[in-house]
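**Student:** Contents of final.cif (mmCIF, C-alpha atoms) are given next:
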data_run
loop_
_atom_site.label_atom_id
_atom_site.label_comp_id
_atom_site.auth_asym_id
_atom_site.auth_seq_id
_atom_site.Cartn_x
_atom_site.Cartn_y
_atom_site.Cartn_z
CA MET W 794 0.00 0.00 0.00
CA ARG W 795 1.66 3.20 -1.21
CA PHE W 796 0.43 6.78 -0.85
CA ASP W 797 1.27 9.74 -3.03
CA ASN W 798 3.56 11.81 -0.81
CA GLN W 799 2.63 15.03 -2.61
CA LEU W 800 -0.95 14.60 -1.45
CA MET W 801 -0.14 14.15 2.22
CA ALA W 802 0.55 17.83 3.00
CA PRO W 803 -2.71 19.30 1.59
CA VAL W 804 -4.70 16.39 3.04
CA ALA W 805 -3.25 16.94 6.50
CA LEU W 806 -3.82 20.70 6.32
CA ALA W 807 -7.39 20.24 5.13
CA LEU W 808 -8.09 17.86 8.01
CA LEU W 809 -6.59 20.14 10.66
CA THR W 810 -8.33 23.24 9.32
CA ALA W 811 -11.75 21.59 9.38
CA LEU W 812 -11.08 20.17 12.84
CA VAL W 813 -10.11 23.51 14.40
CA VAL W 814 -12.95 25.49 12.77
CA SER W 815 -15.55 22.87 13.72
CA PHE W 816 -14.31 22.72 17.31
CA LEU W 817 -14.28 26.51 17.73
CA MET W 818 -17.65 27.03 16.04
CA THR W 819 -19.55 24.52 18.19
CA PRO W 820 -19.99 26.83 21.25
CA VAL W 821 -21.17 29.62 18.94
CA VAL W 822 -23.69 27.32 17.26
CA LYS W 823 -24.79 26.06 20.67
CA SER W 824 -25.71 29.60 21.77
CA PHE W 825 -27.54 30.13 18.49
CA ALA W 826 -29.52 26.90 19.01
CA TYR W 827 -30.76 28.14 22.40
CA LYS W 828 -31.82 31.47 20.88
CA VAL W 829 -33.87 29.92 18.05
CA GLY W 830 -35.29 27.12 20.20
CA ALA W 831 -33.57 24.21 18.44
CA ILE W 832 -33.69 22.03 21.55
CA ASP W 833 -34.17 18.26 21.66
CA VAL W 834 -36.60 17.52 24.49
CA PRO W 835 -36.86 13.84 25.58
CA LYS W 836 -40.52 13.01 25.01
CA ASP W 837 -40.60 9.32 24.06
CA GLU W 838 -38.83 6.06 24.81
CA ARG W 839 -36.69 6.21 21.67
CA ARG W 840 -34.61 9.05 23.09
CA MET W 841 -31.74 8.04 25.31
CA HIS W 842 -31.17 11.39 27.03
CA HIS W 843 -33.13 12.66 30.04
CA LYS W 844 -32.74 16.44 29.76
CA PRO W 845 -33.16 18.98 26.95
CA ILE W 846 -30.05 19.26 24.75
CA PRO W 847 -29.45 21.80 21.95
CA ARG W 848 -29.34 20.60 18.36
CA LEU W 849 -27.93 22.24 15.20
CA GLY W 850 -24.41 20.92 15.87
CA GLY W 851 -24.36 20.04 12.18
CA LEU W 852 -23.87 23.73 11.45
CA ALA W 853 -20.46 23.60 13.13
CA ILE W 854 -19.55 20.50 11.09
CA PHE W 855 -20.72 22.20 7.89
CA THR W 856 -18.79 25.39 8.68
CA GLY W 857 -15.55 23.52 9.34
CA PHE W 858 -16.00 21.44 6.20
CA MET W 859 -16.71 24.43 3.95
CA ALA W 860 -13.82 26.47 5.35
CA SER W 861 -11.43 23.66 4.48
CA ILE W 862 -12.93 23.08 1.02
CA LEU W 863 -12.76 26.75 0.04
CA LEU W 864 -9.11 26.89 1.11
CA PHE W 865 -7.78 23.68 -0.40
CA VAL W 866 -10.10 22.69 -3.30
CA ASP W 867 -10.34 24.69 -6.53
CA ILE W 868 -14.04 24.60 -7.39
CA ARG W 869 -14.08 27.45 -9.93
CA LEU W 870 -13.78 25.21 -13.00
CA ASN W 871 -15.22 22.11 -11.39
CA PRO W 872 -18.97 21.80 -12.11
CA GLN W 873 -19.21 18.41 -10.40
CA MET W 874 -17.86 19.73 -7.11
CA GLN W 875 -20.01 22.84 -7.42
CA SER W 876 -23.12 20.69 -7.84
CA ILE W 877 -22.20 18.60 -4.79
CA LEU W 878 -21.72 21.69 -2.62
CA LEU W 879 -24.94 23.28 -3.89
CA GLY W 880 -26.88 20.13 -3.02
CA ALA W 881 -25.18 20.07 0.39
CA VAL W 882 -26.27 23.67 1.07
CA ILE W 883 -29.89 22.72 0.30
CA ILE W 884 -29.64 19.74 2.64
CA VAL W 885 -28.18 21.88 5.44
CA VAL W 886 -30.86 24.59 5.09
CA LEU W 887 -33.53 21.87 5.17
CA GLY W 888 -31.94 20.38 8.27
CA VAL W 889 -31.74 23.71 10.09
CA VAL W 890 -35.42 24.42 9.48
CA ASP W 891 -36.35 20.89 10.52
CA ASP W 892 -34.33 21.14 13.74
CA ILE W 893 -36.11 24.38 14.67
CA MET W 894 -39.62 23.37 13.59
CA ALA W 895 -40.49 19.77 12.66
CA LEU W 896 -41.28 19.45 8.94
CA PRO W 897 -43.48 16.79 7.31
CA ALA W 898 -41.56 13.71 6.22
CA LYS W 899 -42.93 13.86 2.65
CA LEU W 900 -41.77 17.45 2.19
CA LYS W 901 -38.27 16.59 3.43
CA PHE W 902 -38.15 13.59 1.11
CA VAL W 903 -39.08 15.70 -1.93
CA ILE W 904 -36.46 18.35 -1.12
CA GLN W 905 -33.83 15.62 -0.65
CA ILE W 906 -34.63 14.26 -4.11
CA VAL W 907 -34.23 17.74 -5.59
CA ALA W 908 -30.87 18.14 -3.84
CA ALA W 909 -29.75 14.71 -5.12
CA LEU W 910 -30.77 15.54 -8.70
CA ILE W 911 -28.39 18.51 -8.81
CA PRO W 912 -25.15 16.44 -8.72
CA ALA W 913 -26.77 13.50 -10.54
CA LEU W 914 -27.52 15.73 -13.56
CA ASN W 915 -24.07 17.33 -13.50
CA GLY W 916 -21.87 14.28 -13.96
CA VAL W 917 -21.85 12.88 -10.40
CA SER W 918 -23.62 9.67 -11.31
CA ILE W 919 -23.14 5.91 -11.19
CA GLN W 920 -22.45 4.91 -14.80
CA ALA W 921 -21.75 1.23 -14.27
CA LEU W 922 -21.56 -1.44 -11.59
CA SER W 923 -19.34 -4.47 -11.37
CA ASN W 924 -21.32 -7.65 -11.90
CA PRO W 925 -21.50 -9.67 -8.64
CA ASN W 926 -22.19 -12.81 -10.70
CA ILE W 927 -18.74 -14.27 -11.19
CA PHE W 928 -20.07 -16.81 -13.74
CA SER W 929 -21.44 -14.12 -16.05
CA PRO W 930 -19.42 -13.25 -19.19
CA ASN W 931 -20.19 -9.55 -18.59
CA ALA W 932 -17.89 -8.10 -15.97
CA TYR W 933 -19.91 -4.88 -15.61
CA TRP W 934 -23.45 -3.58 -15.79
CA VAL W 935 -23.66 -0.40 -17.85
CA LEU W 936 -26.67 1.49 -16.49
CA ASN W 937 -27.39 3.91 -19.38
CA TRP W 938 -30.74 5.66 -18.69
CA LEU W 939 -30.94 4.04 -15.24
CA SER W 940 -27.85 5.98 -14.15
CA VAL W 941 -29.68 9.05 -12.80
CA PRO W 942 -32.50 7.20 -10.97
CA ILE W 943 -30.06 4.81 -9.29
CA THR W 944 -27.76 7.69 -8.36
CA VAL W 945 -30.64 9.62 -6.77
CA LEU W 946 -31.74 6.47 -4.94
CA TRP W 947 -28.22 5.96 -3.61
CA ILE W 948 -27.79 9.59 -2.46
CA VAL W 949 -31.22 9.86 -0.79
CA GLY W 950 -30.89 6.39 0.73
CA ILE W 951 -27.49 7.03 2.35
CA THR W 952 -28.56 10.52 3.46
CA ASN W 953 -31.45 9.04 5.42
CA ALA W 954 -29.53 5.95 6.55
CA VAL W 955 -26.96 8.06 8.39
CA ASN W 956 -29.78 10.10 9.92
CA LEU W 957 -31.51 6.95 11.18
CA ILE W 958 -28.49 5.70 13.14
CA ASP W 959 -28.19 9.04 14.94
CA GLY W 960 -29.77 7.62 18.09
CA LEU W 961 -26.92 7.52 20.61
CA ASP W 962 -24.38 10.13 21.67
CA GLY W 963 -21.59 10.28 19.10
CA LEU W 964 -22.81 7.31 17.04
CA ALA W 965 -23.63 8.83 13.64
CA ASN W 966 -20.76 11.31 13.91
CA GLY W 967 -18.18 8.65 14.74
CA VAL W 968 -19.43 6.14 12.16
CA SER W 969 -19.38 8.87 9.50
CA ALA W 970 -15.82 9.80 10.46
CA ILE W 971 -14.74 6.14 10.15
CA SER W 972 -16.45 5.82 6.75
CA ALA W 973 -14.90 9.07 5.52
CA ALA W 974 -11.47 7.96 6.72
CA THR W 975 -11.88 4.72 4.77
CA VAL W 976 -12.74 6.59 1.55
CA LEU W 977 -9.78 8.90 2.27
CA VAL W 978 -7.37 5.97 2.43
CA ILE W 979 -8.74 4.47 -0.79
CA ALA W 980 -8.52 7.85 -2.53
CA LEU W 981 -4.89 8.18 -1.46
CA ILE W 982 -4.17 4.70 -2.81
CA CYS W 983 -5.79 5.61 -6.13
CA SER W 984 -4.10 9.08 -6.13
CA GLU W 985 -7.43 10.90 -6.29
CA ALA W 986 -6.40 14.28 -4.88
CA GLN W 987 -9.79 15.99 -4.87
CA VAL W 988 -11.63 13.09 -3.21
CA ALA W 989 -8.84 12.73 -0.65
CA ILE W 990 -8.91 16.42 0.36
CA VAL W 991 -12.72 16.50 0.57
CA MET W 992 -12.77 13.38 2.72
CA ALA W 993 -9.99 14.77 4.92
CA ALA W 994 -12.08 17.89 5.47
CA LEU W 995 -15.08 15.75 6.40
CA VAL W 996 -13.05 13.65 8.85
CA GLY W 997 -11.64 16.79 10.47
CA ALA W 998 -15.08 18.41 10.80
CA CYS W 999 -16.49 15.28 12.45
CA VAL W 1000 -13.57 14.89 14.86
CA GLY W 1001 -13.74 18.59 15.81
CA PHE W 1002 -17.39 18.23 16.86
CA LEU W 1003 -16.94 14.84 18.53
CA PRO W 1004 -15.84 16.11 22.01
CA TYR W 1005 -19.20 17.89 22.34
CA ASN W 1006 -21.15 14.91 21.05
CA LEU W 1007 -19.71 11.97 22.99
CA ASN W 1008 -21.64 10.62 25.95
CA PRO W 1009 -22.76 12.53 27.93
CA ALA W 1010 -23.47 14.79 24.96
CA LYS W 1011 -23.40 18.55 25.39
CA MET W 1012 -24.87 19.06 21.93
CA PHE W 1013 -26.52 17.04 19.15
CA MET W 1014 -25.78 17.55 15.48
CA GLY W 1015 -29.47 17.08 14.65
CA ASP W 1016 -30.86 16.43 11.19
CA THR W 1017 -28.64 19.28 9.98
CA GLY W 1018 -25.49 17.28 10.64
CA ALA W 1019 -26.72 13.73 10.04
CA THR W 1020 -28.25 14.42 6.62
CA PHE W 1021 -25.29 16.57 5.59
CA LEU W 1022 -22.83 13.80 6.46
CA GLY W 1023 -24.93 11.24 4.60
CA PHE W 1024 -25.17 13.48 1.53
CA ILE W 1025 -21.43 14.13 1.32
CA LEU W 1026 -20.53 10.48 1.93
CA SER W 1027 -22.95 9.29 -0.76
CA THR W 1028 -21.87 11.81 -3.41
CA MET W 1029 -18.15 11.49 -2.75
CA SER W 1030 -18.39 7.69 -2.75
CA ILE W 1031 -19.69 8.03 -6.31
CA GLN W 1032 -16.77 10.26 -7.21
CA GLY W 1033 -14.16 8.09 -5.50
CA LEU W 1034 -15.55 4.55 -5.65
CA PHE W 1035 -18.26 3.93 -8.24
CA LYS W 1036 -16.39 6.12 -10.71
CA PHE W 1037 -13.49 3.67 -10.80
CA TYR W 1038 -15.58 0.55 -11.32
CA ALA W 1039 -12.75 -1.08 -13.31
CA VAL W 1040 -10.51 -0.89 -10.25
CA ILE W 1041 -12.81 -0.92 -7.24
CA SER W 1042 -15.20 -3.78 -6.57
CA PHE W 1043 -18.95 -3.25 -6.38
CA ALA W 1044 -18.85 -4.30 -2.71
CA VAL W 1045 -16.49 -1.55 -1.50
CA PRO W 1046 -19.00 1.29 -1.00
CA PHE W 1047 -21.44 -1.14 0.62
CA LEU W 1048 -18.74 -2.27 3.04
CA ILE W 1049 -17.75 1.29 3.90
CA LEU W 1050 -21.36 2.33 4.57
CA GLY W 1051 -22.44 -1.14 5.64
CA LEU W 1052 -23.64 -0.25 9.14
CA PRO W 1053 -26.18 2.48 8.21
CA ILE W 1054 -27.26 0.51 5.12
CA PHE W 1055 -27.91 -2.67 7.09
CA ASP W 1056 -29.68 -0.85 9.92
CA THR W 1057 -31.98 1.00 7.52
CA ALA W 1058 -32.78 -2.08 5.41
CA PHE W 1059 -33.40 -4.21 8.51
CA SER W 1060 -35.67 -1.56 10.03
CA MET W 1061 -37.77 -1.18 6.88
CA ILE W 1062 -38.18 -4.94 6.42
CA ARG W 1063 -39.12 -5.39 10.08
CA ARG W 1064 -41.75 -2.64 9.93
CA MET W 1065 -43.33 -3.96 6.75
CA ALA W 1066 -43.40 -7.47 8.23
CA HIS W 1067 -45.46 -6.06 11.13
CA GLY W 1068 -47.83 -4.24 8.80
CA GLN W 1069 -46.38 -0.81 9.56
CA SER W 1070 -45.16 1.96 7.29
CA PRO W 1071 -41.45 1.63 6.39
CA MET W 1072 -40.97 5.19 7.67
CA HIS W 1073 -42.67 4.51 11.02
CA ALA W 1074 -40.41 5.51 13.92
CA ASP W 1075 -39.77 2.78 16.49
CA ARG W 1076 -37.26 1.53 19.03
CA GLY W 1077 -35.92 -1.40 17.04
CA HIS W 1078 -32.68 -0.06 15.58
CA ILE W 1079 -29.39 -1.83 16.21
CA HIS W 1080 -28.30 0.69 18.86
CA HIS W 1081 -31.62 0.31 20.70
CA ARG W 1082 -31.22 -3.46 20.73
CA LEU W 1083 -27.72 -3.18 22.19
CA ILE W 1084 -29.08 -0.94 24.96
CA ASP W 1085 -31.89 -3.43 25.63
CA MET W 1086 -29.27 -6.18 25.93
CA GLY W 1087 -27.85 -4.35 28.94
CA LEU W 1088 -25.03 -2.29 27.44
CA ASN W 1089 -24.75 1.35 28.37
CA GLN W 1090 -24.44 4.08 25.73
CA LYS W 1091 -20.64 4.14 25.69
CA GLN W 1092 -20.41 0.36 25.27
CA ALA W 1093 -23.04 0.28 22.52
CA VAL W 1094 -21.35 3.10 20.59
CA ALA W 1095 -17.92 1.48 20.98
CA THR W 1096 -19.33 -1.81 19.66
CA LEU W 1097 -20.74 -0.12 16.56
CA TYR W 1098 -17.48 1.81 16.04
CA VAL W 1099 -15.62 -1.51 15.99
CA ILE W 1100 -18.08 -3.01 13.51
CA SER W 1101 -17.78 0.03 11.24
CA GLY W 1102 -13.99 -0.10 11.51
CA ILE W 1103 -13.92 -3.80 10.59
CA LEU W 1104 -16.05 -3.15 7.51
CA GLY W 1105 -13.88 -0.19 6.52
CA LEU W 1106 -10.66 -2.13 6.91
CA SER W 1107 -12.12 -4.95 4.83
CA ALA W 1108 -12.96 -2.43 2.10
CA VAL W 1109 -9.36 -1.16 2.06
CA VAL W 1110 -7.98 -4.70 1.85
CA LEU W 1111 -10.47 -5.51 -0.91
CA THR W 1112 -9.18 -2.51 -2.85
CA THR W 1113 -5.50 -3.42 -2.48
CA GLY W 1114 -5.36 -7.18 -2.00
CA GLY W 1115 -8.31 -8.65 -3.83
CA GLU W 1116 -11.49 -10.46 -2.83
CA ALA W 1117 -9.88 -13.50 -1.21
CA LYS W 1118 -7.74 -11.54 1.24
CA ALA W 1119 -10.62 -9.20 2.09
CA MET W 1120 -12.96 -12.13 2.77
CA LEU W 1121 -10.42 -13.86 5.00
CA LEU W 1122 -9.77 -10.63 6.89
CA LEU W 1123 -13.49 -9.96 7.36
CA ILE W 1124 -14.11 -13.48 8.69
CA ALA W 1125 -11.11 -13.31 11.02
CA LEU W 1126 -12.06 -9.92 12.42
CA CYS W 1127 -15.69 -10.98 12.90
CA VAL W 1128 -14.55 -14.03 14.88
CA VAL W 1129 -12.30 -11.84 17.02
CA ALA W 1130 -15.14 -9.37 17.60
CA VAL W 1131 -17.56 -12.13 18.65
CA VAL W 1132 -15.05 -13.65 21.05
CA ALA W 1133 -14.24 -10.24 22.52
CA ALA W 1134 -17.91 -9.48 23.00
CA ARG W 1135 -18.49 -12.76 24.82
CA VAL W 1136 -15.49 -12.16 27.05
CA VAL W 1137 -16.05 -8.48 27.87
CA PHE W 1138 -19.71 -7.63 27.66
CA PRO W 1139 -21.35 -10.49 29.60
CA LYS W 1140 -19.50 -9.26 32.68
CA GLU W 1141 -20.89 -5.76 32.18
CA VAL W 1142 -24.38 -7.08 31.51
CA LYS W 1143 -24.22 -9.25 34.62
CA GLU W 1144 -23.27 -6.26 36.74
CA GLU W 1145 -26.12 -4.18 35.33
CA LEU W 1146 -28.65 -6.95 35.95
CA HIS W 1147 -27.32 -7.51 39.47
CA GLU W 1148 -27.77 -3.83 40.33
CA GLU W 1149 -31.32 -3.82 38.96
CA LEU W 1150 -32.15 -6.97 40.93
CA GLU W 1151 -30.90 -5.40 44.15
CA GLU W 1152 -33.02 -2.30 43.56
CA LEU W 1153 -36.13 -4.40 42.93
CA THR W 1154 -35.49 -6.53 46.02
CA GLU W 1155 -35.04 -3.46 48.21
CA LEU W 1156 -38.23 -1.93 46.84
CA GLY W 1157 -40.13 -5.17 47.55
CA HIS W 1158 -38.96 -5.16 51.18
CA HIS W 1159 -40.20 -1.60 51.68
CA GLU W 1160 -43.61 -2.41 50.23
CA GLU W 1161 -43.95 -5.52 52.40
CA LYS W 1162 -43.16 -3.53 55.57
CA ASP W 1163 -45.74 -0.88 54.65
CA LYS W 1164 -48.42 -3.55 54.15
CA GLN W 1165 -47.58 -5.14 57.50
CA LYS W 1166 -47.93 -1.78 59.28
CA GLU W 1167 -51.31 -1.12 57.67
CA GLY W 1168 -52.53 -4.62 58.54
CA GLY W 1169 -51.51 -4.20 62.19
CA VAL W 1170 -53.40 -0.93 62.57
CA ALA W 1171 -56.57 -2.36 61.00
CA LYS W 1172 -56.44 -5.41 63.27
CA ALA W 1173 -56.06 -3.27 66.37
CA GLY W 1174 -59.29 -1.43 65.45
CA GLY W 1175 -61.34 -4.61 65.12
CA GLY W 1176 -61.37 -4.49 61.39
CA CYS W 1177 -62.62 -0.89 61.27
CA PRO W 1178 -60.46 2.23 61.70
CA PRO W 1179 -61.19 3.96 65.05
CA PRO W 1180 -62.61 7.20 63.64
CA VAL W 1181 -65.04 5.34 61.39
CA LYS W 1182 -66.11 3.06 64.26
CA LYS W 1183 -66.73 6.06 66.53
CA GLY W 1184 -68.95 7.76 63.97
CA VAL W 1185 -71.05 4.62 63.48
CA GLU W 1186 -71.54 4.26 67.24
CA GLU W 1187 -72.79 7.87 67.53
CA MET W 1188 -75.40 7.24 64.86
CA ALA W 1189 -76.59 4.11 66.69
CA VAL W 1190 -77.02 6.03 70.00
CA ILE W 1191 -79.14 8.71 68.31
CA HIS W 1192 -81.51 6.16 66.83
CA GLN W 1193 -81.84 4.30 70.15
CA LYS W 1194 -83.09 7.54 71.78
CA GLY W 1195 -85.89 7.64 69.19
CA GLU W 1196 -84.69 10.88 67.72
CA ALA W 1197 -84.82 11.45 64.01
CA PRO W 1198 -81.67 13.17 62.88
CA SER W 1199 -82.01 16.13 60.63
CA ASP W 1200 -80.75 16.23 57.09
CA ALA W 1201 -77.85 18.35 58.28
CA ASP W 1202 -77.01 15.79 60.94
CA ASP W 1203 -77.04 12.95 58.47
CA GLU W 1204 -74.85 14.85 56.09
CA GLY W 1205 -72.47 15.94 58.85
CA HIS W 1206 -71.99 12.42 60.24
CA ALA W 1207 -71.71 10.91 56.80
CA GLN W 1208 -69.07 13.45 55.91
CA LYS W 1209 -67.10 12.63 59.08
CA ILE W 1210 -67.31 8.91 58.39
CA ARG W 1211 -66.12 9.37 54.79
CA THR W 1212 -63.30 11.65 55.90
CA ALA W 1213 -62.25 9.24 58.60
CA GLY W 1214 -62.37 6.33 56.20
CA ASP W 1215 -60.23 8.17 53.65
CA GLU W 1216 -57.60 9.29 56.12
CA GLY W 1217 -57.54 5.99 58.03
CA PRO W 1218 -55.18 5.41 60.95
CA ARG W 1219 -53.52 8.82 60.57
CA GLN W 1220 -56.60 10.57 62.04
CA LEU W 1221 -56.66 8.87 65.46
CA HIS W 1222 -56.44 12.30 67.11
CA LEU W 1223 -59.76 13.61 65.69
CA ALA W 1224 -61.83 15.72 68.07
CA GLU W 1225 -65.29 14.69 69.28
CA PRO W 1226 -67.98 15.33 66.66
CA VAL W 1227 -69.95 18.53 67.20
CA GLN W 1228 -73.55 17.86 68.18
CA GLN W 1229 -76.16 19.70 66.09
CA PRO W 1230 -79.58 20.71 67.51
CA HIS W 1231 -82.33 18.26 66.50
CA ARG W 1232 -85.75 19.12 65.22
CA ASP W 1233 -88.88 17.34 66.40
CA ALA W 1234 -89.73 14.28 64.40
CA ARG W 1235 -93.11 15.71 63.56
CA HIS W 1236 -91.44 18.47 61.57
#
Step by step, read the file and then write its structure as structure tokens.
**Tutor:**
Amino acid sequence: MRFDNQLMAPVALALLTALVVSFLMTPVVKSFAYKVGAIDVPKDERRMHHKPIPRLGGLAIFTGFMASILLFVDIRLNPQMQSILLGAVIIVVLGVVDDIMALPAKLKFVIQIVAALIPALNGVSIQALSNPNIFSPNAYWVLNWLSVPITVLWIVGITNAVNLIDGLDGLANGVSAISAATVLVIALICSEAQVAIVMAALVGACVGFLPYNLNPAKMFMGDTGATFLGFILSTMSIQGLFKFYAVISFAVPFLILGLPIFDTAFSMIRRMAHGQSPMHADRGHIHHRLIDMGLNQKQAVATLYVISGILGLSAVVLTTGGEAKAMLLLIALCVVAVVAARVVFPKEVKEELHEELEELTELGHHEEKDKQKEGGVAKAGGGCPPPVKKGVEEMAVIHQKGEAPSDADDEGHAQKIRTAGDEGPRQLHLAEPVQQPHRDARH
């Protein structure tokens, strides 16, 4: 694996510039989010946080990315890059509005298609795919008129896939950084200067925002950041991966973006199997399932980082060493990951379950003691709380004297009995009931 040394300096500078600008802009964007009311309030079980947290962190990522691009990429005579950036601006504006005031899903989907059509109609399109059928005489599928529809489908699909995995602190941001770093390495191998610099800027912007986004998060990137990252990854993967179909295998972009693709596909299939809309929000994503298994947020995010890293490394090996080496590496790393999970995480899960069991046991003891105290008081009163018993006895004495109580008397005693019955043993100190003057029975 050899890199073009002339590319290393601009790539490193682009990465550092985006990182610094993104890091410095995050507090500014955070203050702006509070002013415009872009706050994520936990209002359902899908959300993992317990207090309101500002969104719009994607603006800081976008600012760092654009600062680096304008400094290190010449876009004046580059219509393809111009179309990508124009589409990205539309996606960011859409995300900002959606983070401030929730927009209808259909409207967002239509605007995303429009944004995807801009690069697709300006040369950023998938022209051919390598044929996965190794027994076919045709090595490639030339798409012809299907090029634009499939390109739009790819861009919109990845844009939403990255947004869907944005469910834990730092998850979508970190996975996007790993995917961008993988495309960066492949671009350096293929000596694609523009793709390498753009991906370096994206990695730097993600890493600069990450300290504010890791658990416990101080700020979320919101739809602004998640959809922007998905849009750039999808369009630049076309430029840097699908474009070189004679060199790069069809599987490479799917390996690099494998985690969001699998999570989105699995979620849609699961919802349709249950008779729900594919776009119906639920708590069945991969990160939710890891939390339900007993992992905390940091462990779940680390697990998904490792999976994304394994897929990215396999994509790099597939690019440089061929299918056989990549397959062996993927299998070996998966085995290592499974063994590590069985060794490390069961201990953590056991500790979590043990703590929950202790809390439930302690709560059960308190409830049992409370019931025993209530039972003892009722037994001491002969099955009837003392205030209630006293009120009943007064009514019996009045009737034995042959006096007919007035309506006010009946209501007064009934009220005392109800009050005594409601308050129970705590009202043992009640004063004697006030006697009301009685009218003659003839009246």
**Student:** Step by step, work through what the PyMOL selection byres ((chain W and resi 905-917) around 8) selects in the shown file, and finish by giving those residues as a ChimeraX atom specification.
**Tutor:** /W:872-873,876-877,879-881,883-884,901-904,918-919,941,944-945,948-949,1028,1031-1032
**Student:** Got a sec to resolve the PyMOL selection byres ((chain W and resi 808-815) around 8) on this structure and send the residues as a CSV table (one decimal) with C-alpha atoms, keeping the file's coordinate frame?
**Tutor:**
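Below you can see part.csv, which holds the result:
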chain,number,residue,atom,x,y,z
W,804,VAL,CA,-4.7,16.4,3.0
W,805,ALA,CA,-3.2,16.9,6.5
W,806,LEU,CA,-3.8,20.7,6.3
W,807,ALA,CA,-7.4,20.2,5.1
W,816,PHE,CA,-14.3,22.7,17.3
W,817,LEU,CA,-14.3,26.5,17.7
W,818,MET,CA,-17.6,27.0,16.0
W,819,THR,CA,-19.6,24.5,18.2
W,853,ALA,CA,-20.5,23.6,13.1
W,854,ILE,CA,-19.6,20.5,11.1
W,855,PHE,CA,-20.7,22.2,7.9
W,856,THR,CA,-18.8,25.4,8.7
W,857,GLY,CA,-15.6,23.5,9.3
W,858,PHE,CA,-16.0,21.4,6.2
W,859,MET,CA,-16.7,24.4,4.0
W,860,ALA,CA,-13.8,26.5,5.4
W,861,SER,CA,-11.4,23.7,4.5
W,990,ILE,CA,-8.9,16.4,0.4
W,993,ALA,CA,-10.0,14.8,4.9
W,994,ALA,CA,-12.1,17.9,5.5
W,995,LEU,CA,-15.1,15.8,6.4
W,996,VAL,CA,-13.0,13.6,8.8
W,997,GLY,CA,-11.6,16.8,10.5
W,998,ALA,CA,-15.1,18.4,10.8
W,999,CYS,CA,-16.5,15.3,12.4
W,1000,VAL,CA,-13.6,14.9,14.9
W,1001,GLY,CA,-13.7,18.6,15.8
W,1002,PHE,CA,-17.4,18.2,16.9
**Student:** For Leu1097 in chain W, which of W:Val991, W:Leu1111, W:Leu852, W:Leu964 is the closest residue, counting all atoms listed in the file?
**Tutor:**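 Smallest separation from Leu1097 in chain W among the options: W:Leu964.
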**Student:** Carefully work through the PyMOL selection byres ((chain W and resi 1009-1026) around 7) for this structure and note down the residues it includes, as a PyMOL selection string.
**Tutor:** chain W and resi 846-852+854+881+884-885+888-889+892+948+951-953+955-956+959+962+965+969+973+1005-1008+1027-1030
**Student:** Name the closest residue to Pro803 in chain W among the candidates W:Leu887, W:Val988, W:Cys983, W:Ile971; distances are taken between atoms, counting all atoms listed in the file.
**Tutor:**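 Among the listed residues, the smallest separation from Pro803 in chain W belongs to W:Val988.
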**Student:** As an exercise, work out the distance from CA of Gly1051 in chain W to CA of Ile1100 in chain W in Å and give it to one decimal place.
**Tutor:** 9.2 Å
**Student:** Suppose you want the space between CA of Ile1103 in chain W and CA of Asp1056 in chain W; what is it in Å?
**Tutor:**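 Straight-line distance from CA of Ile1103 in chain W to CA of Asp1056 in chain W works out to 16.0 Å.
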**Student:** State, in Å with one decimal place, the distance from CA of Thr1057 in chain W to CA of Ala932 in chain W.
**Tutor:**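 According to the coordinates, CA of Thr1057 in chain W and CA of Ala932 in chain W are separated by 28.9 Å.
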**Student:** Need the shell around Leu981 in chain W: protein/DNA/RNA residues with any atom at most 9 Å away, counting all atoms listed in the file. Skip same-chain ones fewer than 2 positions apart. Format as a list in words?
**Tutor:**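 My reading of the contact set: Arg795, Phe796, Asp797, Leu800, Met801, Val976, Leu977, Val978, Ile979, Cys983, Ser984, Glu985, Ala986, Val988 and Ala989 of chain W.
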**Student:** For range 964-970 of chain W, where the input has fewer atoms than it should, I would like N, CA and C atoms rebuilt and written as a PDB file, in the frame of the given file.
**Tutor:**
ATOM      1  N   LEU W 964     -22.774   8.490  17.918  1.00  0.00           N
ATOM      2  CA  LEU W 964     -22.810   7.310  17.040  1.00  0.00           C
ATOM      3  C   LEU W 964     -22.700   7.695  15.568  1.00  0.00           C
ATOM      4  N   ALA W 965     -23.640   8.485  15.069  1.00  0.00           N
ATOM      5  CA  ALA W 965     -23.630   8.830  13.640  1.00  0.00           C
ATOM      6  C   ALA W 965     -22.379   9.628  13.282  1.00  0.00           C
ATOM      7  N   ASN W 966     -21.955  10.500  14.170  1.00  0.00           N
ATOM      8  CA  ASN W 966     -20.760  11.310  13.910  1.00  0.00           C
ATOM      9  C   ASN W 966     -19.514  10.435  13.808  1.00  0.00           C
ATOM     10  N   GLY W 967     -19.351   9.518  14.752  1.00  0.00           N
ATOM     11  CA  GLY W 967     -18.180   8.650  14.740  1.00  0.00           C
ATOM     12  C   GLY W 967     -18.180   7.672  13.582  1.00  0.00           C
ATOM     13  N   VAL W 968     -19.336   7.075  13.287  1.00  0.00           N
ATOM     14  CA  VAL W 968     -19.430   6.140  12.160  1.00  0.00           C
ATOM     15  C   VAL W 968     -19.151   6.860  10.847  1.00  0.00           C
ATOM     16  N   SER W 969     -19.647   8.088  10.712  1.00  0.00           N
ATOM     17  CA  SER W 969     -19.380   8.870   9.500  1.00  0.00           C
ATOM     18  C   SER W 969     -17.899   9.197   9.366  1.00  0.00           C
ATOM     19  N   ALA W 970     -17.255   9.511  10.486  1.00  0.00           N
ATOM     20  CA  ALA W 970     -15.820   9.800  10.460  1.00  0.00           C
ATOM     21  C   ALA W 970     -15.030   8.564  10.030  1.00  0.00           C
TER      22      ALA W 970
END
